[in-house]
$ cat input_25.pdb   # PDB, C-alpha atoms, pLDDT in the B column
ATOM      1  CA  MET D   1     -58.701 -57.289 -15.596  1.00 61.00           C
ATOM      2  CA  ASN D   2     -58.630 -58.351 -19.251  1.00 86.00           C
ATOM      3  CA  ALA D   3     -58.309 -61.910 -20.510  1.00 82.00           C
ATOM      4  CA  THR D   4     -54.591 -61.602 -21.277  1.00 88.00           C
ATOM      5  CA  LEU D   5     -53.739 -60.491 -17.749  1.00 92.00           C
ATOM      6  CA  ILE D   6     -55.908 -63.240 -16.289  1.00 92.00           C
ATOM      7  CA  ALA D   7     -54.128 -65.818 -18.435  1.00 94.00           C
ATOM      8  CA  LEU D   8     -50.731 -64.436 -17.473  1.00 95.00           C
ATOM      9  CA  ALA D   9     -51.556 -64.431 -13.771  1.00 96.00           C
ATOM     10  CA  GLY D  10     -53.068 -67.891 -13.989  1.00 96.00           C
ATOM     11  CA  ALA D  11     -50.036 -69.341 -15.748  1.00 97.00           C
ATOM     12  CA  LEU D  12     -47.685 -67.729 -13.231  1.00 97.00           C
ATOM     13  CA  LEU D  13     -49.599 -68.944 -10.192  1.00 97.00           C
ATOM     14  CA  LEU D  14     -50.182 -72.427 -11.545  1.00 97.00           C
ATOM     15  CA  GLY D  15     -46.563 -72.836 -12.568  1.00 98.00           C
ATOM     16  CA  TYR D  16     -45.153 -71.575  -9.305  1.00 98.00           C
ATOM     17  CA  ALA D  17     -47.580 -73.603  -7.174  1.00 97.00           C
ATOM     18  CA  LEU D  18     -46.717 -76.852  -8.947  1.00 97.00           C
ATOM     19  CA  GLY D  19     -43.005 -76.151  -9.181  1.00 97.00           C
ATOM     20  CA  SER D  20     -42.673 -75.279  -5.505  1.00 97.00           C
ATOM     21  CA  ILE D  21     -43.915 -78.659  -4.246  1.00 96.00           C
ATOM     22  CA  PRO D  22     -40.797 -80.027  -2.437  1.00 95.00           C
ATOM     23  CA  PHE D  23     -41.197 -83.694  -3.296  1.00 95.00           C
ATOM     24  CA  GLY D  24     -37.754 -84.677  -2.012  1.00 92.00           C
ATOM     25  CA  LEU D  25     -38.517 -83.241   1.416  1.00 92.00           C
ATOM     26  CA  LEU D  26     -42.051 -84.644   1.553  1.00 93.00           C
ATOM     27  CA  LEU D  27     -41.061 -88.152   0.463  1.00 92.00           C
ATOM     28  CA  THR D  28     -38.127 -88.487   2.831  1.00 91.00           C
ATOM     29  CA  ARG D  29     -40.182 -87.266   5.770  1.00 91.00           C
ATOM     30  CA  ALA D  30     -43.038 -89.614   4.894  1.00 91.00           C
ATOM     31  CA  ALA D  31     -40.557 -92.499   4.711  1.00 88.00           C
ATOM     32  CA  GLY D  32     -39.171 -91.699   8.162  1.00 86.00           C
ATOM     33  CA  GLU D  33     -35.827 -90.412   6.885  1.00 84.00           C
ATOM     34  CA  GLY D  34     -36.132 -87.044   8.609  1.00 85.00           C
ATOM     35  CA  ASP D  35     -35.367 -83.679   7.031  1.00 87.00           C
ATOM     36  CA  ILE D  36     -33.377 -84.139   3.805  1.00 87.00           C
ATOM     37  CA  ARG D  37     -31.996 -80.628   4.294  1.00 88.00           C
ATOM     38  CA  GLN D  38     -29.959 -81.981   7.209  1.00 86.00           C
ATOM     39  CA  ILE D  39     -28.310 -84.662   5.050  1.00 82.00           C
ATOM     40  CA  GLY D  40     -25.370 -84.391   2.649  1.00 77.00           C
ATOM     41  CA  SER D  41     -25.509 -81.178   0.632  1.00 78.00           C
ATOM     42  CA  GLY D  42     -28.794 -80.114   2.225  1.00 79.00           C
ATOM     43  CA  ASN D  43     -30.431 -80.013  -1.195  1.00 84.00           C
ATOM     44  CA  ILE D  44     -33.984 -81.320  -1.687  1.00 88.00           C
ATOM     45  CA  GLY D  45     -33.292 -82.953  -5.052  1.00 87.00           C
ATOM     46  CA  ALA D  46     -32.944 -86.591  -6.072  1.00 88.00           C
ATOM     47  CA  THR D  47     -29.148 -86.712  -5.796  1.00 84.00           C
ATOM     48  CA  ASN D  48     -29.246 -85.763  -2.146  1.00 86.00           C
ATOM     49  CA  VAL D  49     -32.214 -88.043  -1.475  1.00 89.00           C
ATOM     50  CA  LEU D  50     -30.028 -90.863  -2.802  1.00 85.00           C
ATOM     51  CA  ARG D  51     -27.677 -90.231   0.104  1.00 82.00           C
ATOM     52  CA  THR D  52     -30.302 -91.634   2.441  1.00 81.00           C
ATOM     53  CA  GLY D  53     -29.572 -94.980   0.812  1.00 78.00           C
ATOM     54  CA  ARG D  54     -33.158 -95.191  -0.442  1.00 84.00           C
ATOM     55  CA  LYS D  55     -32.845 -95.559  -4.210  1.00 88.00           C
ATOM     56  CA  GLY D  56     -36.603 -95.832  -4.604  1.00 90.00           C
ATOM     57  CA  LEU D  57     -37.123 -92.499  -2.862  1.00 90.00           C
ATOM     58  CA  ALA D  58     -34.476 -90.878  -5.041  1.00 91.00           C
ATOM     59  CA  ALA D  59     -36.084 -92.245  -8.209  1.00 94.00           C
ATOM     60  CA  ALA D  60     -39.523 -91.092  -7.081  1.00 95.00           C
ATOM     61  CA  THR D  61     -38.167 -87.629  -6.295  1.00 95.00           C
ATOM     62  CA  LEU D  62     -36.588 -87.356  -9.722  1.00 95.00           C
ATOM     63  CA  LEU D  63     -39.739 -88.475 -11.519  1.00 97.00           C
ATOM     64  CA  LEU D  64     -42.039 -86.225  -9.510  1.00 97.00           C
ATOM     65  CA  ASP D  65     -39.758 -83.198  -9.927  1.00 97.00           C
ATOM     66  CA  LEU D  66     -39.744 -83.906 -13.650  1.00 97.00           C
ATOM     67  CA  ALA D  67     -43.510 -84.438 -13.716  1.00 98.00           C
ATOM     68  CA  LYS D  68     -44.343 -81.137 -12.043  1.00 98.00           C
ATOM     69  CA  GLY D  69     -42.421 -79.208 -14.698  1.00 98.00           C
ATOM     70  CA  TRP D  70     -44.182 -81.147 -17.445  1.00 98.00           C
ATOM     71  CA  ALA D  71     -47.607 -80.751 -15.826  1.00 98.00           C
ATOM     72  CA  ALA D  72     -47.251 -77.005 -15.371  1.00 98.00           C
ATOM     73  CA  VAL D  73     -46.590 -76.525 -19.077  1.00 98.00           C
ATOM     74  CA  VAL D  74     -49.259 -78.916 -20.318  1.00 98.00           C
ATOM     75  CA  ILE D  75     -52.008 -77.669 -18.008  1.00 98.00           C
ATOM     76  CA  ALA D  76     -51.227 -74.015 -18.685  1.00 97.00           C
ATOM     77  CA  GLU D  77     -51.294 -74.549 -22.439  1.00 97.00           C
ATOM     78  CA  ARG D  78     -54.713 -76.173 -22.209  1.00 97.00           C
ATOM     79  CA  LEU D  79     -56.154 -73.505 -19.936  1.00 96.00           C
ATOM     80  CA  TRP D  80     -54.424 -70.473 -21.421  1.00 96.00           C
ATOM     81  CA  PRO D  81     -53.062 -71.255 -24.909  1.00 95.00           C
ATOM     82  CA  GLY D  82     -49.811 -69.473 -25.652  1.00 94.00           C
ATOM     83  CA  HIS D  83     -48.858 -69.036 -22.006  1.00 96.00           C
ATOM     84  CA  ALA D  84     -47.039 -72.331 -21.537  1.00 96.00           C
ATOM     85  CA  PRO D  85     -43.579 -70.643 -21.487  1.00 97.00           C
ATOM     86  CA  VAL D  86     -44.758 -68.408 -18.641  1.00 97.00           C
ATOM     87  CA  ALA D  87     -45.862 -71.431 -16.629  1.00 98.00           C
ATOM     88  CA  ALA D  88     -42.591 -73.179 -17.470  1.00 98.00           C
ATOM     89  CA  ALA D  89     -40.502 -70.321 -16.098  1.00 98.00           C
ATOM     90  CA  ALA D  90     -42.716 -70.017 -13.014  1.00 98.00           C
ATOM     91  CA  ALA D  91     -42.530 -73.756 -12.296  1.00 98.00           C
ATOM     92  CA  PHE D  92     -38.759 -73.695 -12.559  1.00 98.00           C
ATOM     93  CA  ILE D  93     -38.466 -70.683 -10.261  1.00 98.00           C
ATOM     94  CA  GLY D  94     -40.894 -72.338  -7.857  1.00 97.00           C
ATOM     95  CA  HIS D  95     -38.714 -75.440  -7.684  1.00 97.00           C
ATOM     96  CA  CYS D  96     -35.481 -73.512  -7.167  1.00 96.00           C
ATOM     97  CA  TYR D  97     -36.941 -70.851  -4.880  1.00 96.00           C
ATOM     98  CA  PRO D  98     -40.033 -72.218  -3.066  1.00 96.00           C
ATOM     99  CA  VAL D  99     -41.602 -69.724  -0.694  1.00 95.00           C
ATOM    100  CA  TRP D 100     -42.527 -72.582   1.679  1.00 92.00           C
ATOM    101  CA  LEU D 101     -38.841 -73.373   2.309  1.00 92.00           C
ATOM    102  CA  GLY D 102     -37.527 -69.843   2.638  1.00 91.00           C
ATOM    103  CA  PHE D 103     -36.735 -69.757  -1.097  1.00 92.00           C
ATOM    104  CA  LYS D 104     -34.186 -72.552  -0.699  1.00 91.00           C
ATOM    105  CA  GLY D 105     -35.111 -75.280  -3.145  1.00 92.00           C
ATOM    106  CA  GLY D 106     -33.531 -77.647  -5.622  1.00 93.00           C
ATOM    107  CA  LYS D 107     -31.111 -77.068  -8.468  1.00 94.00           C
ATOM    108  CA  GLY D 108     -33.632 -77.573 -11.239  1.00 96.00           C
ATOM    109  CA  VAL D 109     -32.162 -80.290 -13.458  1.00 96.00           C
ATOM    110  CA  ALA D 110     -35.085 -82.740 -13.285  1.00 96.00           C
ATOM    111  CA  THR D 111     -37.736 -80.025 -13.383  1.00 98.00           C
ATOM    112  CA  LEU D 112     -36.069 -78.470 -16.415  1.00 98.00           C
ATOM    113  CA  MET D 113     -36.188 -81.821 -18.191  1.00 98.00           C
ATOM    114  CA  GLY D 114     -39.918 -82.025 -17.524  1.00 98.00           C
ATOM    115  CA  ILE D 115     -40.361 -78.549 -18.961  1.00 98.00           C
ATOM    116  CA  VAL D 116     -38.375 -79.439 -22.066  1.00 98.00           C
ATOM    117  CA  LEU D 117     -40.363 -82.661 -22.433  1.00 98.00           C
ATOM    118  CA  ALA D 118     -43.597 -80.677 -22.552  1.00 98.00           C
ATOM    119  CA  LEU D 119     -42.275 -77.930 -24.821  1.00 97.00           C
ATOM    120  CA  HIS D 120     -40.277 -80.043 -27.298  1.00 97.00           C
ATOM    121  CA  PRO D 121     -40.085 -83.818 -26.755  1.00 97.00           C
ATOM    122  CA  LEU D 122     -37.210 -84.399 -29.189  1.00 98.00           C
ATOM    123  CA  SER D 123     -35.038 -81.977 -27.254  1.00 98.00           C
ATOM    124  CA  ALA D 124     -36.007 -83.793 -24.055  1.00 98.00           C
ATOM    125  CA  LEU D 125     -34.633 -86.979 -25.605  1.00 98.00           C
ATOM    126  CA  VAL D 126     -31.347 -85.200 -26.244  1.00 98.00           C
ATOM    127  CA  TYR D 127     -31.440 -83.863 -22.691  1.00 98.00           C
ATOM    128  CA  ALA D 128     -31.903 -87.367 -21.276  1.00 97.00           C
ATOM    129  CA  VAL D 129     -29.121 -88.839 -23.420  1.00 97.00           C
ATOM    130  CA  VAL D 130     -26.685 -86.106 -22.360  1.00 97.00           C
ATOM    131  CA  TRP D 131     -27.668 -86.351 -18.695  1.00 96.00           C
ATOM    132  CA  LEU D 132     -27.541 -90.124 -18.424  1.00 95.00           C
ATOM    133  CA  GLY D 133     -24.549 -90.472 -20.730  1.00 96.00           C
ATOM    134  CA  MET D 134     -22.470 -87.974 -18.805  1.00 94.00           C
ATOM    135  CA  LEU D 135     -23.620 -89.429 -15.503  1.00 92.00           C
ATOM    136  CA  ALA D 136     -22.508 -92.897 -16.591  1.00 91.00           C
ATOM    137  CA  GLY D 137     -19.233 -91.618 -17.995  1.00 90.00           C
ATOM    138  CA  LEU D 138     -18.211 -89.050 -15.398  1.00 90.00           C
ATOM    139  CA  ARG D 139     -20.043 -90.362 -12.318  1.00 90.00           C
ATOM    140  CA  ILE D 140     -20.408 -86.730 -11.243  1.00 92.00           C
ATOM    141  CA  SER D 141     -24.043 -85.747 -10.801  1.00 90.00           C
ATOM    142  CA  SER D 142     -23.495 -81.993 -10.897  1.00 93.00           C
ATOM    143  CA  ALA D 143     -21.479 -82.041 -14.125  1.00 95.00           C
ATOM    144  CA  ALA D 144     -23.988 -84.315 -15.854  1.00 96.00           C
ATOM    145  CA  GLY D 145     -26.900 -82.118 -14.783  1.00 96.00           C
ATOM    146  CA  MET D 146     -25.255 -78.901 -15.915  1.00 97.00           C
ATOM    147  CA  LEU D 147     -24.297 -80.337 -19.299  1.00 97.00           C
ATOM    148  CA  ALA D 148     -27.854 -81.587 -19.771  1.00 98.00           C
ATOM    149  CA  ALA D 149     -29.239 -78.136 -18.933  1.00 98.00           C
ATOM    150  CA  ILE D 150     -26.876 -76.511 -21.431  1.00 98.00           C
ATOM    151  CA  SER D 151     -27.997 -78.986 -24.088  1.00 98.00           C
ATOM    152  CA  ALA D 152     -31.599 -77.729 -23.879  1.00 98.00           C
ATOM    153  CA  PRO D 153     -31.255 -74.355 -25.652  1.00 98.00           C
ATOM    154  CA  VAL D 154     -28.721 -75.808 -28.071  1.00 98.00           C
ATOM    155  CA  SER D 155     -31.033 -78.665 -28.962  1.00 98.00           C
ATOM    156  CA  VAL D 156     -34.166 -76.579 -29.554  1.00 98.00           C
ATOM    157  CA  ALA D 157     -32.127 -74.232 -31.744  1.00 98.00           C
ATOM    158  CA  LEU D 158     -30.857 -77.141 -33.836  1.00 97.00           C
ATOM    159  CA  PHE D 159     -34.431 -78.344 -34.249  1.00 97.00           C
ATOM    160  CA  GLY D 160     -35.486 -74.874 -35.379  1.00 97.00           C
ATOM    161  CA  ARG D 161     -37.516 -73.921 -32.276  1.00 96.00           C
ATOM    162  CA  PHE D 162     -35.914 -70.521 -31.900  1.00 97.00           C
ATOM    163  CA  ASP D 163     -38.948 -69.298 -29.965  1.00 96.00           C
ATOM    164  CA  LEU D 164     -37.800 -71.442 -27.029  1.00 97.00           C
ATOM    165  CA  VAL D 165     -34.099 -70.577 -27.086  1.00 98.00           C
ATOM    166  CA  LEU D 166     -34.109 -67.500 -24.846  1.00 98.00           C
ATOM    167  CA  LEU D 167     -36.328 -69.148 -22.236  1.00 98.00           C
ATOM    168  CA  LEU D 168     -34.110 -72.217 -22.046  1.00 98.00           C
ATOM    169  CA  ILE D 169     -30.905 -70.162 -22.004  1.00 98.00           C
ATOM    170  CA  ALA D 170     -32.290 -68.313 -18.982  1.00 98.00           C
ATOM    171  CA  LEU D 171     -33.296 -71.513 -17.184  1.00 98.00           C
ATOM    172  CA  ALA D 172     -29.981 -73.206 -17.977  1.00 98.00           C
ATOM    173  CA  ALA D 173     -28.177 -70.142 -16.593  1.00 98.00           C
ATOM    174  CA  ILE D 174     -30.101 -70.508 -13.338  1.00 98.00           C
ATOM    175  CA  VAL D 175     -29.115 -74.184 -13.190  1.00 98.00           C
ATOM    176  CA  LEU D 176     -25.463 -73.148 -13.502  1.00 98.00           C
ATOM    177  CA  TRP D 177     -25.920 -70.469 -10.838  1.00 97.00           C
ATOM    178  CA  ARG D 178     -27.502 -72.996  -8.496  1.00 95.00           C
ATOM    179  CA  HIS D 179     -24.463 -75.215  -9.057  1.00 95.00           C
ATOM    180  CA  ARG D 180     -21.884 -72.490  -8.419  1.00 95.00           C
ATOM    181  CA  ALA D 181     -20.430 -74.290  -5.380  1.00 93.00           C
ATOM    182  CA  ASN D 182     -20.186 -77.466  -7.435  1.00 93.00           C
ATOM    183  CA  ILE D 183     -18.393 -75.563 -10.195  1.00 96.00           C
ATOM    184  CA  GLU D 184     -15.833 -74.298  -7.690  1.00 95.00           C
ATOM    185  CA  ARG D 185     -15.217 -77.861  -6.501  1.00 94.00           C
ATOM    186  CA  LEU D 186     -14.985 -79.133 -10.076  1.00 94.00           C
ATOM    187  CA  LEU D 187     -12.365 -76.515 -10.905  1.00 94.00           C
ATOM    188  CA  ALA D 188     -10.462 -77.468  -7.756  1.00 92.00           C
ATOM    189  CA  GLY D 189     -10.725 -81.174  -8.549  1.00 89.00           C
ATOM    190  CA  GLN D 190     -12.673 -81.747  -5.346  1.00 88.00           C
ATOM    191  CA  GLU D 191     -16.176 -82.529  -6.611  1.00 89.00           C
ATOM    192  CA  PRO D 192     -17.173 -85.995  -5.337  1.00 84.00           C
ATOM    193  CA  ARG D 193     -18.453 -88.681  -7.638  1.00 83.00           C
ATOM    194  CA  ILE D 194     -21.725 -90.494  -7.050  1.00 75.00           C
ATOM    195  CA  GLY D 195     -21.756 -91.766  -3.480  1.00 54.00           C
ATOM    196  CA  GLY D 196     -19.768 -88.835  -2.080  1.00 51.00           C
ATOM    197  CA  SER D 197     -20.856 -86.580   0.754  1.00 47.00           C
ATOM    198  CA  LYS D 198     -21.730 -83.464  -1.245  1.00 45.00           C
ATOM    199  CA  GLY D 199     -23.509 -82.682  -4.507  1.00 45.00           C
TER     200      GLY D 199
END
$ encode --input "input_25.pdb" --output "structure tokens"
Amino acid sequence: MNATLIALAGALLLGYALGSIPFGLLLTRAAGEGDIRQIGSGNIGATNVLRTGRKGLAAATLLLDLAKGWAAVVIAERLWPGHAPVAAAAAFIGHCYPVWLGFKGGKGVATLMGIVLALHPLSALVYAVVWLGMLAGLRISSAAGMLAAISAPVSVALFGRFDLVLLLIALAAIVLWRHRANIERLLAGQEPRIGGSKG
């Protein structure tokens, strides 16, 4: 196996392994809150963790989901220069489709922000402003997350990082796909605001 294939395989495995760590599930179980998949939407992300009433757990889930996306990119770039985008995609897929949970993971918004932070920090700032701004204005977690995801490829393009556009378009598309039930509720005017029973 040549060096390029080793680097590719390493970046894929590292990214997927880090991305597939289900922090929301692990934290809620450790805190005695049971299986987060049996609460609210059944999702393992921070928004659903918030439905336990444990804001600290939700914040920790968000930060750790973000951190694993960032770490996958940074570590891969140091070990196998030029393969950071491969690790980024693998980490995102690992979060959304973790083998340990029957390929039923999170929706990817926080992990995508971590990836963007590692790839292009200025675009991550835009991502955060869109996410938090829309969350404050709309009070609808799903809408804020989707708009933030969409901002990623737009932002890197505006900053001239066209090499990242296709990757981030693909990841943003997966975020939208993962939110398809939310989109249906949004179109029907039935999507709950923060504090509702689904997300």
$ atom_distance --input "input_25.pdb" --atom1 "atom CA of D:Phe159" --atom2 "atom CA of D:Ala118"
15.0 Å
$ residues_near_point --input "input_25.pdb" --point "(-41.8, -72.2, -15.3)" --cutoff "10 Å" --atoms "all atoms listed in the file" --output "NGL selection string"
:D and (11-16 or 18-19 or 68-70 or 72-73 or 84-95 or 111-112 or 115 or 167 or 171)
$ closest_residue --input "input_25.pdb" --among "D:Val165, D:Ala7, D:Val154, D:Ala188" --to "D:Arg78" --atoms "only C-alpha atoms"
D:Ala7
$ atom_distance --input "input_25.pdb" --atom1 "atom CA of D:Leu26" --atom2 "atom CA of D:Leu119"
27.2 Å
$ atom_distance --input "input_25.pdb" --atom1 "atom CA of D:Thr52" --atom2 "atom CA of D:Gly137"
23.2 Å
$ closest_residue --input "input_25.pdb" --among "D:Val130, D:Ser123, D:Ala46, D:Cys96" --to "D:Gly108" --atoms "all atoms listed in the file"
D:Cys96
$ resolve_selection --input "input_25.pdb" --expression "the PyMOL selection byres ((chain D and resi 125) around 12)" --output "ChimeraX atom specification"
/D:113-114,116-124,126-133,148,151-152,155-156
$ residues_around --input "input_25.pdb" --residues "D:Trp100" --least-positions-apart "5" --cutoff "10 Å" --atoms "all atoms listed in the file" --output "number ranges by chain"
D: 20-22, 94, 105
$ write_last_selection --input "input_25.pdb" --atoms "C-alpha atoms" --output "short mmCIF file (atom, residue, chain, number, x, y, z; two decimals), in the coordinates of the input"
data_model
loop_
_atom_site.label_atom_id
_atom_site.label_comp_id
_atom_site.auth_asym_id
_atom_site.auth_seq_id
_atom_site.Cartn_x
_atom_site.Cartn_y
_atom_site.Cartn_z
CA SER D 20 -42.67 -75.28 -5.50
CA ILE D 21 -43.92 -78.66 -4.25
CA PRO D 22 -40.80 -80.03 -2.44
CA GLY D 94 -40.89 -72.34 -7.86
CA GLY D 105 -35.11 -75.28 -3.14
#
$ axis_aligned_box --input "input_25.pdb" --around "stretch 60-78 of chain D" --padding-each-side "4 Å" --output "AutoDock Vina command-line options"
--center_x -45.7 --center_y -82.6 --center_z -14.4 --size_x 26.1 --size_y 25.1 --size_z 24.1
$ resolve_selection --input "input_25.pdb" --expression "the PyMOL selection byres ((chain D and resi 175-185) around 9)" --output "NGL selection string"
:D and (96 or 106-109 or 112 or 142-143 or 145-146 or 149-150 or 170-174 or 186-192 or 198-199)
$ residues_near_point --input "input_25.pdb" --point "(-29.5, -86.0, -2.6)" --cutoff "12 Å" --atoms "only C-alpha atoms" --output "PyMOL selection string"
chain D and resi 23-25+28+35-55+57-59+61-62+106-107+141-142+194-199
$ closest_residue --input "input_25.pdb" --among "D:Leu158, D:Ala110, D:Leu168, D:Ala76" --to "D:Ala9" --atoms "only C-alpha atoms"
D:Ala76
$ decode --input "input_25.pdb" --residues "stretch 124-133 of chain D" --atoms "all heavy atoms" --output "mmCIF file, in the first residue's frame"
data_model
loop_
_atom_site.group_PDB
_atom_site.id
_atom_site.type_symbol
_atom_site.label_atom_id
_atom_site.label_comp_id
_atom_site.auth_asym_id
_atom_site.auth_seq_id
_atom_site.Cartn_x
_atom_site.Cartn_y
_atom_site.Cartn_z
ATOM 1 N N ALA D 124 -16.307 30.145 9.957
ATOM 2 C CA ALA D 124 -16.918 29.629 11.178
ATOM 3 C C ALA D 124 -17.540 30.758 11.980
ATOM 4 O O ALA D 124 -18.579 30.579 12.625
ATOM 5 C CB ALA D 124 -15.876 28.903 12.028
ATOM 6 N N LEU D 125 -16.925 31.945 11.935
ATOM 7 C CA LEU D 125 -17.501 33.102 12.607
ATOM 8 C C LEU D 125 -18.840 33.471 11.977
ATOM 9 O O LEU D 125 -19.822 33.743 12.679
ATOM 10 C CB LEU D 125 -16.532 34.286 12.540
ATOM 11 C CG LEU D 125 -17.023 35.589 13.169
ATOM 12 C CD1 LEU D 125 -17.309 35.412 14.654
ATOM 13 C CD2 LEU D 125 -15.977 36.691 12.948
ATOM 14 N N VAL D 126 -18.878 33.440 10.660
ATOM 15 C CA VAL D 126 -20.141 33.703 9.954
ATOM 16 C C VAL D 126 -21.174 32.653 10.335
ATOM 17 O O VAL D 126 -22.348 32.973 10.607
ATOM 18 C CB VAL D 126 -19.913 33.697 8.424
ATOM 19 C CG1 VAL D 126 -21.251 33.812 7.687
ATOM 20 C CG2 VAL D 126 -18.970 34.824 8.024
ATOM 21 N N TYR D 127 -20.747 31.420 10.361
ATOM 22 C CA TYR D 127 -21.616 30.290 10.723
ATOM 23 C C TYR D 127 -22.235 30.529 12.095
ATOM 24 O O TYR D 127 -23.454 30.383 12.284
ATOM 25 C CB TYR D 127 -20.769 29.027 10.729
ATOM 26 C CG TYR D 127 -21.493 27.703 10.806
ATOM 27 C CD1 TYR D 127 -21.523 26.861 9.701
ATOM 28 C CD2 TYR D 127 -22.104 27.252 11.973
ATOM 29 C CE1 TYR D 127 -22.133 25.610 9.755
ATOM 30 C CE2 TYR D 127 -22.718 26.021 12.032
ATOM 31 C CZ TYR D 127 -22.736 25.202 10.926
ATOM 32 O OH TYR D 127 -23.356 23.977 10.988
ATOM 33 N N ALA D 128 -21.394 30.902 13.063
ATOM 34 C CA ALA D 128 -21.872 31.121 14.429
ATOM 35 C C ALA D 128 -22.850 32.284 14.499
ATOM 36 O O ALA D 128 -23.879 32.213 15.193
ATOM 37 C CB ALA D 128 -20.687 31.371 15.359
ATOM 38 N N VAL D 129 -22.544 33.362 13.776
ATOM 39 C CA VAL D 129 -23.433 34.534 13.782
ATOM 40 C C VAL D 129 -24.798 34.186 13.193
ATOM 41 O O VAL D 129 -25.846 34.554 13.741
ATOM 42 C CB VAL D 129 -22.787 35.696 13.004
ATOM 43 C CG1 VAL D 129 -23.804 36.821 12.770
ATOM 44 C CG2 VAL D 129 -21.581 36.235 13.767
ATOM 45 N N VAL D 130 -24.785 33.445 12.079
ATOM 46 C CA VAL D 130 -26.053 33.035 11.453
ATOM 47 C C VAL D 130 -26.825 32.109 12.384
ATOM 48 O O VAL D 130 -28.031 32.301 12.613
ATOM 49 C CB VAL D 130 -25.791 32.341 10.097
ATOM 50 C CG1 VAL D 130 -27.094 31.736 9.546
ATOM 51 C CG2 VAL D 130 -25.203 33.330 9.102
ATOM 52 N N TRP D 131 -26.148 31.123 12.934
ATOM 53 C CA TRP D 131 -26.799 30.141 13.805
ATOM 54 C C TRP D 131 -27.408 30.807 15.031
ATOM 55 O O TRP D 131 -28.610 30.675 15.304
ATOM 56 C CB TRP D 131 -25.769 29.085 14.217
ATOM 57 C CG TRP D 131 -26.329 27.877 14.905
ATOM 58 C CD1 TRP D 131 -27.642 27.554 15.102
ATOM 59 C CD2 TRP D 131 -25.574 26.796 15.473
ATOM 60 N NE1 TRP D 131 -27.744 26.345 15.756
ATOM 61 C CE2 TRP D 131 -26.509 25.869 15.987
ATOM 62 C CE3 TRP D 131 -24.211 26.534 15.579
ATOM 63 C CZ2 TRP D 131 -26.099 24.694 16.632
ATOM 64 C CZ3 TRP D 131 -23.811 25.361 16.206
ATOM 65 C CH2 TRP D 131 -24.749 24.455 16.726
ATOM 66 N N LEU D 132 -26.596 31.554 15.751
ATOM 67 C CA LEU D 132 -27.080 32.176 16.983
ATOM 68 C C LEU D 132 -28.070 33.299 16.698
ATOM 69 O O LEU D 132 -29.051 33.469 17.437
ATOM 70 C CB LEU D 132 -25.893 32.710 17.789
ATOM 71 C CG LEU D 132 -24.920 31.643 18.301
ATOM 72 C CD1 LEU D 132 -23.729 32.299 18.980
ATOM 73 C CD2 LEU D 132 -25.621 30.681 19.244
ATOM 74 N N GLY D 133 -27.828 34.052 15.629
ATOM 75 C CA GLY D 133 -28.743 35.131 15.281
ATOM 76 C C GLY D 133 -30.120 34.614 14.909
ATOM 77 O O GLY D 133 -31.142 35.136 15.368
#
